[in-house]
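Remarks on the structure that follows.
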Amino acid sequence: MIAYVTVGVDDIARAKQFYTSFLPALGYELEEGPEGLSFALPAVAGEPAILPEFYVKPTFDGQPATAGNGTMIAFEAQRQEQVRALHAAALAAGGTDEGSPGFRPNYGPRFYVGYLRDPQGNKIALFSSNPDEPGRDD
């Protein structure tokens with residue numbers, strides 16, 4: 001099981017603006033500290049944490065942060081409408097478009113996805129595969 005994912009960034013303020021434009025709407029809570037930003041889904045008292053957590057931090061070695069080639073982090077939304085709204089919010093918060101929300105011919109008929117890059121260049125996917133919504137072939 002994946003426990004956490006970390007992306008490195010050079011500008012925490014820009015990253016905060018980007019990630020808070022959509023992660024709270026997906027249920028993530030933000031905790032800020034001297035090491036950066038921590039996003040986690042709230043756990044019920046007495047229950048284990050819901051994994052994975054997502055961290056946004058400066059690089060450990062002090063060198064400039066770089067985006068991983070071929071690396072992408074996907075966040076699940078509840079509905080296609082939410083994918084569209086959060087994709088637009090993330091663009092307005094400093095992200096760049098890597099693929100407008102929609103269905104892709106190479107993926108399943110219910111996989112609705114939009115792609116972005118955060119201000120540092122990390123690739124992010126926002127997707128929904130809700131079986132109660134129309135699919136690509138409906």
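The way I read the labels, and the way they are meant: chains A, B, ... in the order of the structure tokens, residue 1 as the first residue of every chain, and ligand 1 as the first ligand shown, with later ones counted on from there.
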
All strand (DSSP E) positions in region 2-131 of chain A, as a ChimeraX atom specification: /A:4-8,29-33,36-41,50-57,72-76,96-103,112-117,123-128

Keeping only C-alpha atoms, write the selected residues as a tab-separated table (two decimals), in the first residue's frame.
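Saved the output as part-v3.tsv:
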chain	number	residue	atom	x	y	z
A	4	TYR	CA	2.40	8.89	0.96
A	5	VAL	CA	3.45	10.74	-2.17
A	6	THR	CA	5.75	13.78	-2.14
A	7	VAL	CA	6.40	16.33	-4.86
A	8	GLY	CA	9.24	18.79	-4.64
A	29	GLU	CA	-7.30	18.79	4.75
A	30	LEU	CA	-4.19	20.97	4.70
A	31	GLU	CA	-1.61	21.13	7.44
A	32	GLU	CA	1.22	23.61	6.99
A	33	GLY	CA	4.56	23.30	8.69
A	36	GLY	CA	6.00	22.37	3.60
A	37	LEU	CA	2.41	21.32	2.98
A	38	SER	CA	0.72	18.09	4.07
A	39	PHE	CA	-2.63	17.05	2.62
A	40	ALA	CA	-4.58	14.17	4.14
A	41	LEU	CA	-8.09	12.82	4.11
A	50	ILE	CA	-6.75	7.09	5.04
A	51	LEU	CA	-3.76	6.63	2.76
A	52	PRO	CA	-1.97	7.86	0.82
A	53	GLU	CA	-1.18	11.28	2.19
A	54	PHE	CA	0.18	13.92	-0.19
A	55	TYR	CA	3.12	16.18	0.65
A	56	VAL	CA	4.41	19.28	-1.13
A	57	LYS	CA	7.88	20.22	0.08
A	72	MET	CA	1.95	11.56	-12.62
A	73	ILE	CA	-0.29	11.75	-9.56
A	74	ALA	CA	-4.01	11.11	-10.00
A	75	PHE	CA	-6.78	12.33	-7.72
A	76	GLU	CA	-10.28	10.85	-7.94
A	96	THR	CA	-1.10	24.61	-17.02
A	97	ASP	CA	-3.33	22.43	-19.18
A	98	GLU	CA	-1.99	19.02	-20.23
A	99	GLY	CA	-5.31	17.74	-21.58
A	100	SER	CA	-8.81	19.14	-21.14
A	101	PRO	CA	-11.34	17.04	-19.24
A	102	GLY	CA	-12.98	14.35	-21.31
A	103	PHE	CA	-12.93	10.71	-22.32
A	112	TYR	CA	-13.29	10.78	-17.54
A	113	VAL	CA	-10.03	12.66	-16.97
A	114	GLY	CA	-8.35	16.07	-17.17
A	115	TYR	CA	-4.59	16.60	-16.98
A	116	LEU	CA	-2.59	19.52	-15.53
A	117	ARG	CA	0.88	20.57	-14.54
A	123	LYS	CA	1.84	16.25	-13.76
A	124	ILE	CA	-1.55	15.85	-12.09
A	125	ALA	CA	-4.65	13.96	-13.25
A	126	LEU	CA	-8.17	14.61	-12.00
A	127	PHE	CA	-10.52	11.77	-12.93
A	128	SER	CA	-13.92	10.22	-12.34

Near-region 18-27 of chain A list (9 Å; only C-alpha atoms; drop same-chain fewer than 3 positions) as a PyMOL selection string: chain A and resi 13-15+30+39-42+56+75-78+82+85-87+89-95+118-119

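Our summary of the geometry notes that CA of Ser129 (chain A) is positioned 8.1 Å from CA of Gln80 (chain A).
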
Contacts of Gly62 (chain A) within 12 Å, only C-alpha atoms, excl. fewer than 3 positions in-chain, as a PyMOL selection string: chain A and resi 8-10+57-59+65-66

Can I get the selected residues back with N, CA and C atoms, as a JSON list (two decimals), in the first residue's frame?
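Result went into part.json, see below:
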[["chain", "number", "residue", "atom", "x", "y", "z"],
["A", 8, "GLY", "N", 8.36, 17.69, -5.01],
["A", 8, "GLY", "CA", 9.24, 18.79, -4.64],
["A", 8, "GLY", "C", 8.86, 20.05, -5.39],
["A", 9, "VAL", "N", 8.96, 21.18, -4.69],
["A", 9, "VAL", "CA", 8.66, 22.47, -5.30],
["A", 9, "VAL", "C", 9.66, 23.51, -4.80],
["A", 10, "ASP", "N", 9.84, 24.55, -5.60],
["A", 10, "ASP", "CA", 10.73, 25.64, -5.21],
["A", 10, "ASP", "C", 9.96, 26.80, -4.58],
["A", 57, "LYS", "N", 6.76, 19.76, -0.74],
["A", 57, "LYS", "CA", 7.88, 20.22, 0.08],
["A", 57, "LYS", "C", 9.04, 20.72, -0.78],
["A", 58, "PRO", "N", 9.88, 21.56, -0.18],
["A", 58, "PRO", "CA", 11.13, 21.90, -0.86],
["A", 58, "PRO", "C", 11.99, 20.64, -0.95],
["A", 59, "THR", "N", 12.93, 20.63, -1.85],
["A", 59, "THR", "CA", 13.78, 19.45, -2.00],
["A", 59, "THR", "C", 14.66, 19.27, -0.76],
["A", 65, "ALA", "N", 13.94, 21.94, -7.56],
["A", 65, "ALA", "CA", 13.00, 20.84, -7.78],
["A", 65, "ALA", "C", 12.79, 20.63, -9.27],
["A", 66, "THR", "N", 12.62, 19.39, -9.66],
["A", 66, "THR", "CA", 12.32, 19.05, -11.05],
["A", 66, "THR", "C", 11.15, 18.07, -11.07]]

Nearest-residue call for Arg136 (chain A), choices A:Asn69, A:Asn122, A:Gln63, A:Asn106, using only C-alpha atoms: A:Asn106

Between CA of Ala67 (chain A) and CA of Ile2 (chain A) - distance in Å to one decimal: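 These two atoms are separated by 19.6 Å.
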